[in-house]
Amino acid sequence: MRNLSDRRLHGPPGDILGPGNQDVANEIKVEIREELARLAEKLNSSDLSKTQADCGKHLQDVQSIVVPTEMMNEVCSALQTIKGRSRSWTKGAYAIFENPSGDYVQAMSSPDGTEYLVEIASHKYVSSLNDRLTDDVVDFIEKAGFVWPDGRTNFHRWFTISENDDLLRLAKLLMLAMSKIFGDFEWSELEVKTHVPS
């Protein structure tokens, strides 16, 4: 969950080894090197460098939705609950916000609490979401800086969090994404779940 916005990846990777530092077949090494080169190219591209907490400029449409104060407080509380509580990059603290149809957005905190990885359920998991990808929805996803799924993944983006106000802006963006991408539903039916690893 490191912020890669100011890092460039250069040079070839070192030795490719398997479990217990055992040698692996050459074809596996070639495949891994190709994948690492593809990843480095994507991470170095300007499209993936928008990871700062600038979600405020993507909230022009926030007035078009009315989220009850109680619900917004619950979303902010969930984001605060997971802040800095991930134990590692693979044992993360996360919050899921799900509508009655099973559509969701989710956020995972970095271990130090300075970044959140936000994911939006994608058509790569649920084919019916293809119908939701209208021009307006695609425009919102791209302007908000989300990365399109590559393979069976979700839309995702990193946000840097420095103050509690950033959590409120992030909460508004999450709810705006729910509304714009997944359509109308009763806010009272939004399910908020958090997980903090022990």
# chains A, B, ... in the order shown; residues from 1 in each chain; ligands from 1
call {"tool": "residues_around", "arguments": {"residues": "Leu190 of chain A", "least_positions_apart": "6", "cutoff": "8 Å", "atoms": "only C-alpha atoms", "output": "MDAnalysis selection string"}}
result
chainID A and resid 97:100
call {"tool": "residues_around", "arguments": {"residues": "Phe182 of chain A", "least_positions_apart": "4", "cutoff": "7 Å", "atoms": "only C-alpha atoms", "output": "list in words"}}
result
Asp103, Arg132 and Met178 of chain A
call {"tool": "write_last_selection", "arguments": {"atoms": "N, CA and C atoms", "output": "short mmCIF file (atom, residue, chain, number, x, y, z; two decimals), in the first residue's frame"}}
result
data_model
loop_
_atom_site.label_atom_id
_atom_site.label_comp_id
_atom_site.auth_asym_id
_atom_site.auth_seq_id
_atom_site.Cartn_x
_atom_site.Cartn_y
_atom_site.Cartn_z
N ASP A 103 -24.05 -4.77 -4.64
CA ASP A 103 -23.02 -3.91 -5.21
C ASP A 103 -22.30 -3.21 -4.06
N ARG A 132 -24.23 -1.10 -16.28
CA ARG A 132 -24.13 0.15 -15.51
C ARG A 132 -23.08 1.09 -16.08
N MET A 178 -21.23 5.00 -4.99
CA MET A 178 -22.35 4.06 -4.83
C MET A 178 -23.57 4.52 -5.61
#
call {"tool": "select_by_dssp", "arguments": {"residues": "segment 6-188 of chain A", "states": "strand (DSSP E or B)", "output": "compact mmCIF listing (two decimals) with N, CA, C and O atoms, in the first residue's frame"}}
result
# COMPACT_ATOMS: atom_id res chain seq x y z
N LEU A 17 13.42 -16.38 -7.67
CA LEU A 17 13.53 -17.62 -6.93
C LEU A 17 12.16 -18.04 -6.42
O LEU A 17 11.26 -17.23 -6.26
N ASP A 23 15.58 -22.62 -6.89
CA ASP A 23 15.59 -22.24 -8.29
C ASP A 23 14.25 -22.66 -8.93
O ASP A 23 13.63 -23.64 -8.50
N ALA A 93 -6.99 -4.04 7.41
CA ALA A 93 -8.23 -3.61 8.04
C ALA A 93 -9.05 -2.93 6.95
O ALA A 93 -8.55 -2.04 6.26
N TYR A 94 -10.30 -3.35 6.77
CA TYR A 94 -11.08 -2.81 5.67
C TYR A 94 -12.54 -2.60 6.07
O TYR A 94 -13.02 -3.17 7.05
N ALA A 95 -13.21 -1.77 5.28
CA ALA A 95 -14.63 -1.50 5.45
C ALA A 95 -15.32 -1.73 4.11
O ALA A 95 -14.78 -1.36 3.06
N ILE A 96 -16.48 -2.36 4.16
CA ILE A 96 -17.26 -2.63 2.94
C ILE A 96 -18.61 -1.94 3.10
O ILE A 96 -19.25 -2.02 4.15
N PHE A 97 -19.03 -1.26 2.03
CA PHE A 97 -20.31 -0.56 1.99
C PHE A 97 -21.10 -1.18 0.84
O PHE A 97 -20.75 -1.02 -0.32
N GLU A 98 -22.18 -1.89 1.20
CA GLU A 98 -22.89 -2.72 0.22
C GLU A 98 -24.38 -2.38 0.17
O GLU A 98 -25.03 -2.24 1.20
N TYR A 104 -21.01 -2.97 -4.22
CA TYR A 104 -20.26 -2.43 -3.09
C TYR A 104 -19.09 -1.55 -3.51
O TYR A 104 -18.59 -1.61 -4.64
N VAL A 105 -18.68 -0.73 -2.56
CA VAL A 105 -17.37 -0.08 -2.59
C VAL A 105 -16.70 -0.50 -1.29
O VAL A 105 -17.37 -0.81 -0.29
N GLN A 106 -15.38 -0.54 -1.30
CA GLN A 106 -14.67 -0.92 -0.09
C GLN A 106 -13.40 -0.12 0.04
O GLN A 106 -12.87 0.39 -0.95
N ALA A 107 -12.93 0.00 1.27
CA ALA A 107 -11.71 0.76 1.54
C ALA A 107 -10.86 -0.02 2.53
O ALA A 107 -11.38 -0.60 3.48
N MET A 108 -9.56 -0.05 2.28
CA MET A 108 -8.62 -0.70 3.18
C MET A 108 -7.55 0.31 3.58
O MET A 108 -7.00 1.01 2.73
N SER A 109 -7.26 0.38 4.86
CA SER A 109 -6.25 1.31 5.37
C SER A 109 -4.86 0.72 5.25
O SER A 109 -4.66 -0.49 5.38
N GLU A 115 -2.87 6.11 4.11
CA GLU A 115 -3.45 5.86 2.79
C GLU A 115 -4.60 4.87 2.90
O GLU A 115 -4.64 4.03 3.79
N TYR A 116 -5.52 5.00 1.94
CA TYR A 116 -6.62 4.06 1.82
C TYR A 116 -6.67 3.57 0.38
O TYR A 116 -6.63 4.37 -0.55
N LEU A 117 -6.75 2.25 0.24
CA LEU A 117 -7.00 1.66 -1.07
C LEU A 117 -8.50 1.53 -1.21
O LEU A 117 -9.15 0.83 -0.42
N VAL A 118 -9.08 2.22 -2.20
CA VAL A 118 -10.52 2.17 -2.43
C VAL A 118 -10.78 1.33 -3.67
O VAL A 118 -10.14 1.51 -4.71
N GLU A 119 -11.72 0.40 -3.54
CA GLU A 119 -12.11 -0.45 -4.67
C GLU A 119 -13.61 -0.33 -4.89
O GLU A 119 -14.38 -0.23 -3.94
N ILE A 120 -13.99 -0.38 -6.16
CA ILE A 120 -15.39 -0.35 -6.56
C ILE A 120 -15.67 -1.66 -7.29
O ILE A 120 -14.90 -2.04 -8.20
N VAL A 147 -8.36 3.20 -11.43
CA VAL A 147 -7.70 2.36 -12.41
C VAL A 147 -8.67 1.28 -12.86
O VAL A 147 -9.33 0.64 -12.03
N PHE A 155 -12.27 -1.90 -9.88
CA PHE A 155 -11.73 -0.56 -10.08
C PHE A 155 -11.02 -0.20 -8.77
O PHE A 155 -11.52 -0.53 -7.69
N HIS A 156 -9.88 0.47 -8.84
CA HIS A 156 -9.19 0.79 -7.59
C HIS A 156 -8.39 2.08 -7.71
O HIS A 156 -8.05 2.52 -8.79
N ARG A 157 -8.12 2.63 -6.53
CA ARG A 157 -7.33 3.85 -6.45
C ARG A 157 -6.86 4.06 -5.03
O ARG A 157 -7.57 3.75 -4.07
N TRP A 158 -5.65 4.59 -4.87
CA TRP A 158 -5.11 4.97 -3.56
C TRP A 158 -5.44 6.42 -3.25
O TRP A 158 -5.35 7.27 -4.12
N PHE A 159 -5.79 6.69 -2.00
CA PHE A 159 -6.01 8.05 -1.53
C PHE A 159 -5.14 8.29 -0.30
O PHE A 159 -5.12 7.48 0.62
N THR A 160 -4.41 9.41 -0.30
CA THR A 160 -3.62 9.79 0.86
C THR A 160 -4.52 10.52 1.85
O THR A 160 -5.29 11.39 1.47
call {"tool": "select_by_dssp", "arguments": {"residues": "segment 97-196 of chain A", "states": "helix (DSSP H, G or I)", "output": "ChimeraX atom specification"}}
result
/A:127-132,135-143,164-182,187-189
call {"tool": "closest_residue", "arguments": {"among": "A:Arg169, A:Ala177, A:Glu74, A:Asp15", "to": "Glu142 of chain A", "atoms": "only C-alpha atoms"}}
result
A:Ala177
call {"tool": "residues_around", "arguments": {"residues": "Gly92 of chain A", "least_positions_apart": "2", "cutoff": "9 Å", "atoms": "only C-alpha atoms", "output": "PyMOL selection string"}}
result
chain A and resi 82+85-90+94+108-111+195-197
call {"tool": "closest_residue", "arguments": {"among": "A:Ser127, A:Leu174, A:Val67, A:Leu168", "to": "Phe146 of chain A", "atoms": "only C-alpha atoms"}}
result
A:Leu174
call {"tool": "closest_residue", "arguments": {"among": "A:Leu133, A:Ile16, A:Val75, A:Ile161", "to": "Asp112 of chain A", "atoms": "only C-alpha atoms"}}
result
A:Ile161
call {"tool": "closest_residue", "arguments": {"among": "A:Glu70, A:Leu167, A:Asn154, A:Ile181", "to": "Lys83 of chain A", "atoms": "only C-alpha atoms"}}
result
A:Leu167
call {"tool": "closest_residue", "arguments": {"among": "A:Lys124, A:Met71, A:Gly18, A:Asp139", "to": "Ile32 of chain A", "atoms": "only C-alpha atoms"}}
result
A:Gly18
